[in-house]
$ cat final_3.tsv   # TSV, C-alpha atoms
chain	number	residue	atom	x	y	z
G	476	MET	CA	94.08	117.31	80.85
G	477	ARG	CA	96.29	114.26	80.35
G	478	GLU	CA	94.70	110.83	80.61
G	479	GLN	CA	96.38	107.51	81.17
G	480	PRO	CA	95.37	104.91	78.57
G	481	VAL	CA	92.20	103.45	79.98
G	482	ASN	CA	92.54	99.97	78.55
G	483	GLN	CA	95.04	99.06	81.27
G	484	LEU	CA	94.66	98.55	84.99
G	485	ILE	CA	96.37	101.14	87.16
G	486	ASP	CA	99.09	99.78	89.42
G	487	ALA	CA	98.47	101.34	92.84
G	488	ASN	CA	102.03	100.61	93.91
G	489	ARG	CA	103.38	102.92	91.20
G	490	LEU	CA	101.21	105.98	91.78
G	491	ASP	CA	104.15	107.86	93.33
G	492	GLU	CA	106.11	107.57	90.07
G	493	ARG	CA	103.49	109.16	87.88
G	494	ARG	CA	103.52	112.81	88.85
G	495	PRO	CA	105.41	115.37	90.96
G	496	GLU	CA	104.33	115.80	94.54
G	497	PRO	CA	101.39	118.24	94.39
G	498	ALA	CA	101.36	119.54	97.95
G	499	ARG	CA	104.66	121.28	98.56
G	500	LEU	CA	106.27	124.70	98.90
G	501	ARG	CA	105.82	126.87	95.83
G	502	PRO	CA	108.96	126.89	93.63
G	503	LEU	CA	110.21	130.41	94.46
G	504	VAL	CA	109.69	129.97	98.20
G	505	ARG	CA	111.08	126.44	98.08
G	506	TRP	CA	114.28	127.53	96.37
G	507	ALA	CA	114.71	130.53	98.67
G	508	VAL	CA	114.34	128.36	101.78
G	509	ALA	CA	116.61	125.69	100.30
G	510	VAL	CA	119.42	128.19	99.61
G	511	ILE	CA	119.13	129.70	103.10
G	512	VAL	CA	119.20	126.25	104.70
G	513	VAL	CA	122.22	125.08	102.67
G	514	VAL	CA	124.20	128.22	103.56
G	515	HIS	CA	123.14	127.79	107.18
G	516	GLY	CA	124.41	124.21	107.10
G	517	LEU	CA	127.74	125.22	105.57
G	518	ILE	CA	128.26	127.76	108.35
G	519	HIS	CA	128.02	124.87	110.81
G	520	LEU	CA	131.32	123.66	109.37
G	521	PHE	CA	133.05	126.49	111.26
G	522	GLY	CA	132.03	124.85	114.53
G	523	ALA	CA	133.09	121.42	113.23
G	524	SER	CA	136.45	122.77	112.06
G	525	LYS	CA	137.24	124.33	115.43
G	526	GLY	CA	136.06	121.36	117.51
G	527	LEU	CA	137.82	118.77	115.36
G	528	GLY	CA	140.97	120.85	115.08
G	529	TRP	CA	140.77	121.33	111.33
G	530	ALA	CA	141.26	125.09	111.57
G	531	ASP	CA	141.56	127.95	114.04
G	532	VAL	CA	138.24	129.77	113.69
G	533	SER	CA	138.68	133.18	115.26
G	534	GLN	CA	135.02	134.10	114.83
G	535	LEU	CA	134.05	131.52	117.46
G	536	LYS	CA	135.26	132.73	120.86
G	537	GLU	CA	133.84	129.94	123.01
G	538	PRO	CA	135.72	126.61	123.25
G	539	ILE	CA	134.34	123.60	121.36
G	540	SER	CA	135.31	120.07	122.36
G	541	THR	CA	136.01	117.28	119.91
G	542	THR	CA	132.72	115.58	120.76
G	543	VAL	CA	130.73	118.77	120.25
G	544	GLY	CA	132.70	119.41	117.05
G	545	ALA	CA	131.50	116.06	115.72
G	546	VAL	CA	127.92	117.10	116.51
G	547	TRP	CA	128.52	120.36	114.65
G	548	LEU	CA	129.62	118.27	111.66
G	549	ALA	CA	126.54	116.04	111.89
G	550	ALA	CA	124.33	119.11	112.08
G	551	ALA	CA	126.06	120.53	109.00
G	552	VAL	CA	125.50	117.33	107.01
G	553	LEU	CA	121.86	117.07	108.05
G	554	THR	CA	121.11	120.74	107.35
G	555	VAL	CA	122.84	120.81	103.96
G	556	GLY	CA	121.15	117.52	103.06
G	557	THR	CA	117.79	118.98	104.02
G	558	GLY	CA	118.33	121.99	101.75
G	559	VAL	CA	119.40	119.82	98.82
G	560	MET	CA	116.44	117.46	99.26
G	561	LEU	CA	114.05	120.38	99.49
G	562	ALA	CA	115.46	121.89	96.29
G	563	ALA	CA	115.10	118.51	94.58
G	564	SER	CA	111.49	118.11	95.82
G	565	ILE	CA	112.20	114.80	97.54
G	566	ARG	CA	108.93	114.04	99.31
G	567	TRP	CA	110.34	112.99	102.67
G	568	TRP	CA	112.82	115.88	103.01
G	569	TRP	CA	110.94	117.08	106.08
G	570	ILE	CA	111.94	113.96	108.03
G	571	VAL	CA	115.64	114.77	107.59
G	572	GLY	CA	114.77	118.41	108.24
G	573	THR	CA	113.33	117.49	111.64
G	574	PHE	CA	116.63	115.96	112.74
G	575	ALA	CA	118.53	118.86	111.16
G	576	VAL	CA	116.69	121.58	113.05
G	577	VAL	CA	117.07	119.72	116.38
G	578	ALA	CA	120.78	119.07	115.85
G	579	SER	CA	121.41	122.61	114.61
G	580	GLN	CA	119.67	124.29	117.51
G	581	ALA	CA	121.40	121.96	119.99
G	582	VAL	CA	124.89	122.96	118.84
G	583	ILE	CA	123.90	126.62	118.64
G	584	ALA	CA	122.88	126.40	122.29
G	585	THR	CA	126.39	125.19	123.19
G	586	SER	CA	127.91	128.32	121.62
G	587	TRP	CA	125.04	130.70	122.19
G	588	ASP	CA	126.95	133.96	122.27
G	589	ASP	CA	128.74	133.15	119.01
G	590	ALA	CA	125.97	131.39	117.07
G	591	LYS	CA	122.61	132.60	118.41
G	592	ALA	CA	121.80	134.38	115.13
G	593	GLY	CA	121.42	130.95	113.53
G	594	THR	CA	118.23	130.47	115.56
G	595	ILE	CA	116.46	132.75	113.09
G	596	VAL	CA	117.20	130.33	110.25
G	597	ASN	CA	116.15	127.39	112.38
G	598	VAL	CA	112.78	129.05	112.98
G	599	ILE	CA	112.36	129.35	109.20
G	600	LEU	CA	113.44	125.73	108.76
G	601	LEU	CA	111.08	124.58	111.51
G	602	ALA	CA	108.13	126.35	109.82
G	603	ALA	CA	109.04	124.67	106.52
G	604	VAL	CA	109.34	121.27	108.22
G	605	VAL	CA	105.91	121.67	109.85
G	606	TYR	CA	104.40	122.51	106.47
G	607	GLY	CA	106.26	119.64	104.80
G	608	ALA	CA	104.95	117.18	107.37
G	609	ALA	CA	101.39	118.52	107.03
G	610	ALA	CA	101.54	118.41	103.22
G	611	ASN	CA	103.20	115.05	102.74
G	612	GLY	CA	103.19	113.23	106.09
G	613	PRO	CA	101.03	110.30	107.19
G	614	THR	CA	98.03	112.52	108.02
G	615	SER	CA	98.23	114.61	104.83
G	616	PHE	CA	95.56	114.71	102.13
G	617	ILE	CA	97.96	113.31	99.51
G	618	THR	CA	98.73	110.29	101.71
G	619	GLU	CA	95.05	109.66	102.33
G	620	TYR	CA	94.40	110.06	98.60
G	621	ARG	CA	96.95	107.37	97.74
G	622	ARG	CA	95.57	105.08	100.44
G	623	ARG	CA	92.00	105.53	99.15
G	624	VAL	CA	93.08	104.84	95.58
G	625	ALA	CA	94.99	101.71	96.54
G	626	THR	CA	91.94	100.41	98.41
G	627	ALA	CA	89.50	101.20	95.61
G	628	LEU	CA	91.44	99.84	92.64
G	629	PRO	CA	90.25	96.42	91.46
G	630	HIS	CA	92.78	93.69	90.84
G	631	GLU	CA	90.85	91.88	88.13
G	632	VAL	CA	88.82	92.98	85.13
G	633	ASP	CA	86.63	91.24	82.56
G	634	ALA	CA	89.03	90.39	79.74
G	635	ALA	CA	86.33	90.33	77.07
G	636	PRO	CA	86.72	93.36	74.77
G	637	VAL	CA	83.88	95.72	73.96
G	638	ALA	CA	81.98	94.30	70.99
G	639	GLU	CA	79.36	95.59	68.59
G	640	ARG	CA	76.72	93.51	70.35
G	641	ASP	CA	77.37	95.52	73.53
G	642	LEU	CA	76.19	98.63	71.68
G	643	GLU	CA	72.89	97.20	70.43
G	644	ALA	CA	70.83	98.35	73.43
G	645	LEU	CA	72.22	101.90	73.34
G	646	PRO	CA	70.52	104.87	71.64
G	647	THR	CA	71.89	105.50	68.15
G	648	PRO	CA	73.93	108.63	68.99
G	649	VAL	CA	75.45	106.99	72.10
G	650	ALA	CA	76.46	103.89	70.15
G	651	ALA	CA	77.96	106.08	67.41
G	652	TYR	CA	79.88	108.02	70.07
G	653	LEU	CA	81.39	104.80	71.45
G	654	ARG	CA	82.48	103.76	67.97
G	655	ARG	CA	83.95	107.24	67.43
G	656	SER	CA	85.88	106.95	70.70
G	657	GLY	CA	87.52	103.71	69.56
G	658	ALA	CA	85.96	101.62	72.32
G	659	VAL	CA	84.91	98.70	70.09
G	660	GLY	CA	87.52	95.97	70.13
G	661	GLN	CA	89.30	97.40	73.18
G	662	PRO	CA	89.41	95.81	76.66
G	663	ARG	CA	86.74	96.86	79.11
G	664	ILE	CA	87.60	99.71	81.43
G	665	ALA	CA	88.05	98.99	85.13
G	666	ASN	CA	89.46	102.37	86.10
G	667	PHE	CA	91.21	105.44	84.79
G	668	ARG	CA	93.58	108.08	86.06
G	669	ALA	CA	93.60	111.69	84.86
G	670	GLU	CA	95.82	114.70	85.53
G	671	ILE	CA	94.13	118.08	85.33
G	672	SER	CA	95.45	121.63	85.39
G	673	GLY	CA	93.81	124.99	84.89
G	674	ARG	CA	92.02	127.71	86.83
G	675	ILE	CA	89.05	127.59	89.17
G	676	ARG	CA	87.02	130.11	91.16
G	677	GLY	CA	84.19	130.07	93.67
G	678	GLY	CA	81.91	132.52	91.83
G	679	PRO	CA	81.70	135.12	89.04
G	680	ALA	CA	83.15	137.85	91.28
G	681	LYS	CA	85.83	135.66	92.88
G	682	PRO	CA	89.47	135.69	91.70
G	683	TRP	CA	90.81	132.81	89.64
G	684	MET	CA	93.02	130.23	91.36
G	685	ALA	CA	95.58	128.18	89.43
G	686	PHE	CA	95.44	124.48	90.24
G	687	THR	CA	96.75	121.04	89.37
G	688	GLY	CA	94.85	117.91	90.19
G	689	GLU	CA	94.81	114.16	89.91
G	690	GLN	CA	91.89	111.79	90.05
G	691	VAL	CA	91.34	108.06	89.86
G	692	ASN	CA	87.92	106.63	89.07
G	693	THR	CA	86.91	103.00	89.39
G	694	PHE	CA	83.90	101.29	87.88
G	695	GLY	CA	81.79	98.28	88.69
G	696	ALA	CA	79.14	97.53	91.29
G	697	ASN	CA	80.51	100.21	93.61
G	698	PRO	CA	82.09	103.01	91.56
G	699	SER	CA	84.41	105.45	93.27
G	700	ARG	CA	86.16	108.73	92.54
G	701	SER	CA	89.20	110.01	94.43
G	702	PHE	CA	90.33	113.54	93.58
G	703	HIS	CA	93.23	115.53	95.00
G	704	MET	CA	93.80	119.16	94.01
G	705	ASP	CA	96.63	121.57	94.75
G	706	ALA	CA	95.63	125.22	94.22
G	707	THR	CA	96.97	128.67	95.03
G	708	MET	CA	94.83	131.32	96.74
G	709	VAL	CA	96.28	134.80	97.41
G	710	GLY	CA	99.73	133.26	97.16
G	711	LEU	CA	99.03	130.51	99.69
G	712	PRO	CA	98.83	126.78	98.88
G	713	VAL	CA	95.38	125.23	99.16
G	714	ASP	CA	95.05	121.45	99.46
G	715	VAL	CA	91.75	119.79	98.43
G	716	LEU	CA	90.64	116.18	98.89
G	717	HIS	CA	87.40	115.04	97.31
G	718	ILE	CA	86.38	111.41	97.94
G	719	PHE	CA	83.36	109.52	96.62
G	720	ALA	CA	83.08	105.92	97.84
G	721	ASP	CA	80.17	103.71	98.84
G	722	ALA	CA	77.84	106.33	97.27
G	723	THR	CA	78.99	108.89	99.87
G	724	ALA	CA	80.93	112.07	99.10
G	725	THR	CA	83.17	114.29	101.22
G	726	MET	CA	85.08	117.45	100.36
G	727	ARG	CA	87.79	118.90	102.57
G	728	VAL	CA	89.99	121.94	101.98
G	729	LYS	CA	93.00	123.16	103.96
G	730	VAL	CA	95.12	126.28	103.60
G	731	CYS	CA	98.86	125.53	103.82
G	732	SER	CA	97.82	121.92	104.46
G	733	LEU	CA	97.26	122.95	108.09
G	734	PHE	CA	94.20	125.13	108.52
G	735	PRO	CA	90.76	123.68	107.67
G	736	MET	CA	88.76	125.86	105.30
G	737	VAL	CA	85.97	123.54	104.07
G	738	ASN	CA	84.61	120.26	105.40
G	739	ARG	CA	81.44	119.25	103.60
G	740	SER	CA	79.36	116.13	103.27
G	741	GLY	CA	75.70	115.14	103.21
G	742	PRO	CA	72.91	114.10	100.84
G	743	GLU	CA	73.24	117.08	98.49
G	744	MET	CA	76.96	116.44	98.01
G	745	ASP	CA	76.35	112.71	97.55
G	746	ARG	CA	73.88	113.47	94.77
G	747	ALA	CA	76.10	116.10	93.18
G	748	GLU	CA	79.07	113.76	93.12
G	749	THR	CA	76.95	111.04	91.56
G	750	VAL	CA	76.39	113.47	88.67
G	751	THR	CA	80.15	114.06	88.48
G	752	VAL	CA	80.85	110.33	88.34
G	753	PHE	CA	78.27	109.98	85.55
G	754	ASN	CA	79.90	112.87	83.69
G	755	ASP	CA	83.39	111.42	84.14
G	756	LEU	CA	82.16	108.10	82.81
G	757	CYS	CA	80.71	109.65	79.64
G	758	VAL	CA	83.54	112.12	78.97
G	759	LEU	CA	86.68	110.35	80.15
G	760	ALA	CA	85.85	106.65	79.90
G	761	PRO	CA	83.07	106.15	77.32
G	762	ALA	CA	83.85	102.45	76.87
G	763	ALA	CA	82.67	101.88	80.45
G	764	ILE	CA	79.17	102.98	79.43
G	765	VAL	CA	78.35	99.49	78.15
G	766	ASP	CA	78.62	97.97	81.65
G	767	ALA	CA	77.38	100.93	83.69
G	768	PRO	CA	73.97	100.97	85.44
G	769	ILE	CA	72.44	103.48	83.01
G	770	SER	CA	68.90	103.45	81.62
G	771	TRP	CA	68.88	105.18	78.24
G	772	HIS	CA	66.00	107.07	76.63
G	773	PRO	CA	66.45	108.05	72.96
G	774	ILE	CA	65.46	111.62	72.04
G	775	ASP	CA	66.67	112.13	68.46
G	776	ASP	CA	69.73	111.60	66.26
G	777	HIS	CA	71.80	114.06	68.32
G	778	HIS	CA	70.40	113.70	71.83
G	779	ALA	CA	69.87	110.97	74.42
G	780	ARG	CA	68.87	110.99	78.05
G	781	GLY	CA	70.57	108.70	80.54
G	782	THR	CA	69.54	107.82	84.09
G	783	PHE	CA	72.47	106.66	86.21
G	784	THR	CA	71.89	104.67	89.40
G	785	ASN	CA	74.42	104.31	92.18
G	786	GLY	CA	73.04	102.90	95.41
G	787	ALA	CA	70.22	105.13	96.60
G	788	HIS	CA	71.17	107.92	94.20
G	789	ILE	CA	69.48	108.23	90.81
G	790	VAL	CA	70.51	111.11	88.54
G	791	THR	CA	69.61	112.03	84.99
G	792	ALA	CA	71.54	113.88	82.28
G	793	GLU	CA	70.92	114.82	78.67
G	794	LEU	CA	73.80	114.22	76.27
G	795	THR	CA	74.24	116.15	73.04
G	796	PHE	CA	76.30	114.89	70.08
G	797	ASN	CA	77.42	116.68	66.91
G	798	ASP	CA	77.47	115.43	63.30
G	799	GLN	CA	80.92	113.91	63.89
G	800	ASN	CA	79.46	111.72	66.68
G	801	GLU	CA	81.38	113.65	69.33
G	802	LEU	CA	79.93	114.40	72.76
G	803	VAL	CA	79.60	118.18	72.94
G	804	ASP	CA	77.34	118.73	75.96
G	805	PHE	CA	76.31	117.01	79.18
G	806	TRP	CA	73.45	118.70	81.01
G	807	SER	CA	71.90	117.73	84.34
G	808	ASP	CA	69.81	119.62	86.90
G	809	ASP	CA	70.51	117.05	89.64
G	810	ARG	CA	73.57	118.90	90.91
G	811	MET	CA	72.77	121.61	93.48
G	812	ALA	CA	74.33	125.06	93.12
G	813	THR	CA	75.79	124.84	96.64
$ encode --input "final_3.tsv" --output "structure tokens"
Amino acid sequence: MREQPVNQLIDANRLDERRPEPARLRPLVRWAVAVIVVVHGLIHLFGASKGLGWADVSQLKEPISTTVGAVWLAAAVLTVGTGVMLAASIRWWWIVGTFAVVASQAVIATSWDDAKAGTIVNVILLAAVVYGAAANGPTSFITEYRRRVATALPHEVDAAPVAERDLEALPTPVAAYLRRSGAVGQPRIANFRAEISGRIRGGPAKPWMAFTGEQVNTFGANPSRSFHMDATMVGLPVDVLHIFADATATMRVKVCSLFPMVNRSGPEMDRAETVTVFNDLCVLAPAAIVDAPISWHPIDDHHARGTFTNGAHIVTAELTFNDQNELVDFWSDDRMAT
């Protein structure tokens, strides 16, 4: 996991610059489609050459006017551009691809007997465009994720740094953990962003799925957690959006960014996600503990119990620390197995 320094506010306007687009064609498929599309676009130059009088193309038997030749050229530029943008992972390639597939199929229709085989490539391109729009368009999970993050991020934060006096009310091992983390003397935490990668599975007998993810947490009177994950299941892309805001959690999953697989919400998920937010706070942003709504109960020199309140949800966890004042375990039974 890679964390952004948490003593700075995240700029919502720059989220696009921080990581590659997660929901997109897998590299091998992307490159294969890109090469096919570029070659397809270059072939359109035969029609442009004949229509514009650049060359006598014997392979094309049907006549092509100058006007139609210019359309062939436009289709070639759009189609090659689409392939190049797809290869370069430019997020809005599918918009150009939409115009490319329409223009390409239109000129193919004018020389159907000579060029009808190109329809096969256009079907492939159309499928890729539909996926690209679903994965990165205005209704995609990644777009909603960015919108949620931009709405949740605060624009101001208490400038006072964390001081020793802020640790006085904490149990001894918790206070020692905050000192160990370097929180004392640093600005208070308003939010953090983390990138995560690894493997995940739905049960002991289920196959592992590789994934990458990004999350942004905010703190204060109304903490939030926005999490977007891009996984692979049996070779197919799986898009996950997990949102916790206003003490309410939702989890949605789509295969190929098109087909709903999971859509969950409700009291059990709200409570479970409250535990996750508490865990994130302790593990990823310990300096935020000093301002969080947590009631602490000392146990011994290596253990403390915290009760975290968020709206109507109250959850409890036991934290375990080692001799180096590092947090080594976070245990709670307030998260349901489902």
$ closest_residue --input "final_3.tsv" --among "G:Ala610, G:Ala627, G:Thr784, G:Ala779" --to "Val715 in chain G" --atoms "only C-alpha atoms"
G:Ala610
$ residues_around --input "final_3.tsv" --residues "Gln690 in chain G" --least-positions-apart "3" --cutoff "6 Å" --atoms "only C-alpha atoms" --output "list in words"
Arg668, Ala669, Ser701 and Phe702 of chain G
$ write_last_selection --input "final_3.tsv" --atoms "C-alpha atoms" --output "PDB file, in the coordinates of the input"
ATOM      1  CA  ARG G 668      93.580 108.080  86.060  1.00  0.00           C
ATOM      2  CA  ALA G 669      93.600 111.690  84.860  1.00  0.00           C
ATOM      3  CA  SER G 701      89.200 110.010  94.430  1.00  0.00           C
ATOM      4  CA  PHE G 702      90.330 113.540  93.580  1.00  0.00           C
TER       5      PHE G 702
END
$ closest_residue --input "final_3.tsv" --among "G:Ser564, G:Ser672, G:Thr541, G:Gln534" --to "Asp588 in chain G" --atoms "only C-alpha atoms"
G:Gln534
$ residues_around --input "final_3.tsv" --residues "Glu748 in chain G" --least-positions-apart "6" --cutoff "8 Å" --atoms "only C-alpha atoms" --output "list in words"
Phe719, Ala724 and Arg810 of chain G
$ atom_distance --input "final_3.tsv" --atom1 "CA of Ala530 in chain G" --atom2 "CA of Leu517 in chain G"
14.8 Å
$ closest_residue --input "final_3.tsv" --among "G:Pro646, G:Gly558, G:Pro662, G:Pro773" --to "Val604 in chain G" --atoms "all atoms listed in the file"
G:Gly558
$ residues_around --input "final_3.tsv" --residues "Leu759 in chain G" --least-positions-apart "2" --cutoff "12 Å" --atoms "all atoms listed in the file" --output "ChimeraX atom specification"
/G:476-481,653,656,658,664,666-671,690-693,751-757,761-764,802
$ closest_residue --input "final_3.tsv" --among "G:Thr647, G:Asn611, G:Asn738, G:Thr594" --to "Asn800 in chain G" --atoms "only C-alpha atoms"
G:Thr647
$ residues_around --input "final_3.tsv" --residues "Phe694 in chain G" --least-positions-apart "3" --cutoff "7 Å" --atoms "all atoms listed in the file" --output "PyMOL selection string"
chain G and resi 665-666+697-699
$ write_last_selection --input "final_3.tsv" --atoms "C-alpha atoms" --output "compact mmCIF listing (two decimals), in the frame of the given file"
# COMPACT_ATOMS: atom_id res chain seq x y z
CA ALA G 665 88.05 98.99 85.13
CA ASN G 666 89.46 102.37 86.10
CA ASN G 697 80.51 100.21 93.61
CA PRO G 698 82.09 103.01 91.56
CA SER G 699 84.41 105.45 93.27
$ atom_distance --input "final_3.tsv" --atom1 "CA of Ala792 in chain G" --atom2 "CA of Trp806 in chain G"
5.3 Å
$ decode --input "final_3.tsv" --residues "range 776-786 of chain G" --atoms "all heavy atoms" --output "compact mmCIF listing (two decimals), in the first residue's frame"
# COMPACT_ATOMS: atom_id res chain seq x y z
N ASP G 776 -0.53 -2.55 29.59
CA ASP G 776 0.51 -1.80 28.88
C ASP G 776 0.55 -2.08 27.39
O ASP G 776 1.20 -1.34 26.64
CB ASP G 776 1.89 -2.11 29.48
CG ASP G 776 2.05 -1.52 30.88
OD1 ASP G 776 1.27 -0.62 31.23
OD2 ASP G 776 2.95 -1.98 31.61
N HIS G 777 -0.12 -3.13 26.94
CA HIS G 777 -0.07 -3.50 25.53
C HIS G 777 -1.45 -3.55 24.87
O HIS G 777 -1.56 -3.87 23.69
CB HIS G 777 0.62 -4.86 25.34
CG HIS G 777 2.09 -4.83 25.65
ND1 HIS G 777 2.56 -5.03 26.92
CD2 HIS G 777 3.17 -4.59 24.87
CE1 HIS G 777 3.88 -4.95 26.92
NE2 HIS G 777 4.28 -4.67 25.69
N HIS G 778 -2.49 -3.24 25.63
CA HIS G 778 -3.84 -3.35 25.08
C HIS G 778 -4.70 -2.17 25.53
O HIS G 778 -4.54 -1.66 26.64
CB HIS G 778 -4.52 -4.66 25.53
CG HIS G 778 -3.81 -5.89 25.09
ND1 HIS G 778 -2.74 -6.42 25.80
CD2 HIS G 778 -4.01 -6.71 24.01
CE1 HIS G 778 -2.32 -7.51 25.19
NE2 HIS G 778 -3.07 -7.71 24.11
N ALA G 779 -5.61 -1.78 24.64
CA ALA G 779 -6.59 -0.74 24.97
C ALA G 779 -7.85 -1.01 24.15
O ALA G 779 -7.79 -1.55 23.05
CB ALA G 779 -6.05 0.65 24.66
N ARG G 780 -8.96 -0.66 24.72
CA ARG G 780 -10.24 -0.85 24.03
C ARG G 780 -10.83 0.52 23.69
O ARG G 780 -10.89 1.41 24.53
CB ARG G 780 -11.21 -1.63 24.90
CG ARG G 780 -12.54 -1.96 24.19
CD ARG G 780 -13.46 -2.81 25.09
NE ARG G 780 -12.86 -4.10 25.40
CZ ARG G 780 -12.37 -4.42 26.60
NH1 ARG G 780 -12.42 -3.54 27.59
NH2 ARG G 780 -11.85 -5.60 26.82
N GLY G 781 -11.23 0.67 22.43
CA GLY G 781 -11.80 1.93 21.99
C GLY G 781 -13.22 1.75 21.50
O GLY G 781 -13.53 0.76 20.82
N THR G 782 -14.08 2.69 21.83
CA THR G 782 -15.47 2.68 21.35
C THR G 782 -15.66 3.90 20.46
O THR G 782 -15.53 5.04 20.91
CB THR G 782 -16.45 2.73 22.52
OG1 THR G 782 -16.25 1.57 23.34
CG2 THR G 782 -17.88 2.73 22.01
N PHE G 783 -15.92 3.64 19.20
CA PHE G 783 -16.01 4.69 18.18
C PHE G 783 -17.48 4.96 17.87
O PHE G 783 -18.25 4.03 17.60
CB PHE G 783 -15.27 4.23 16.92
CG PHE G 783 -15.35 5.17 15.75
CD1 PHE G 783 -14.79 6.44 15.82
CD2 PHE G 783 -15.98 4.79 14.58
CE1 PHE G 783 -14.84 7.30 14.74
CE2 PHE G 783 -16.05 5.65 13.49
CZ PHE G 783 -15.49 6.91 13.56
N THR G 784 -17.86 6.23 17.88
CA THR G 784 -19.25 6.61 17.62
C THR G 784 -19.34 7.43 16.35
O THR G 784 -18.60 8.41 16.18
CB THR G 784 -19.81 7.43 18.79
OG1 THR G 784 -19.73 6.67 20.00
CG2 THR G 784 -21.27 7.80 18.54
N ASN G 785 -20.24 7.01 15.48
CA ASN G 785 -20.49 7.77 14.25
C ASN G 785 -22.00 7.75 14.00
O ASN G 785 -22.55 6.74 13.56
CB ASN G 785 -19.75 7.15 13.06
CG ASN G 785 -19.94 7.95 11.79
OD1 ASN G 785 -20.16 9.17 11.83
ND2 ASN G 785 -19.87 7.28 10.65
N GLY G 786 -22.65 8.87 14.32
CA GLY G 786 -24.10 8.91 14.20
C GLY G 786 -24.75 7.92 15.14
O GLY G 786 -24.45 7.88 16.34
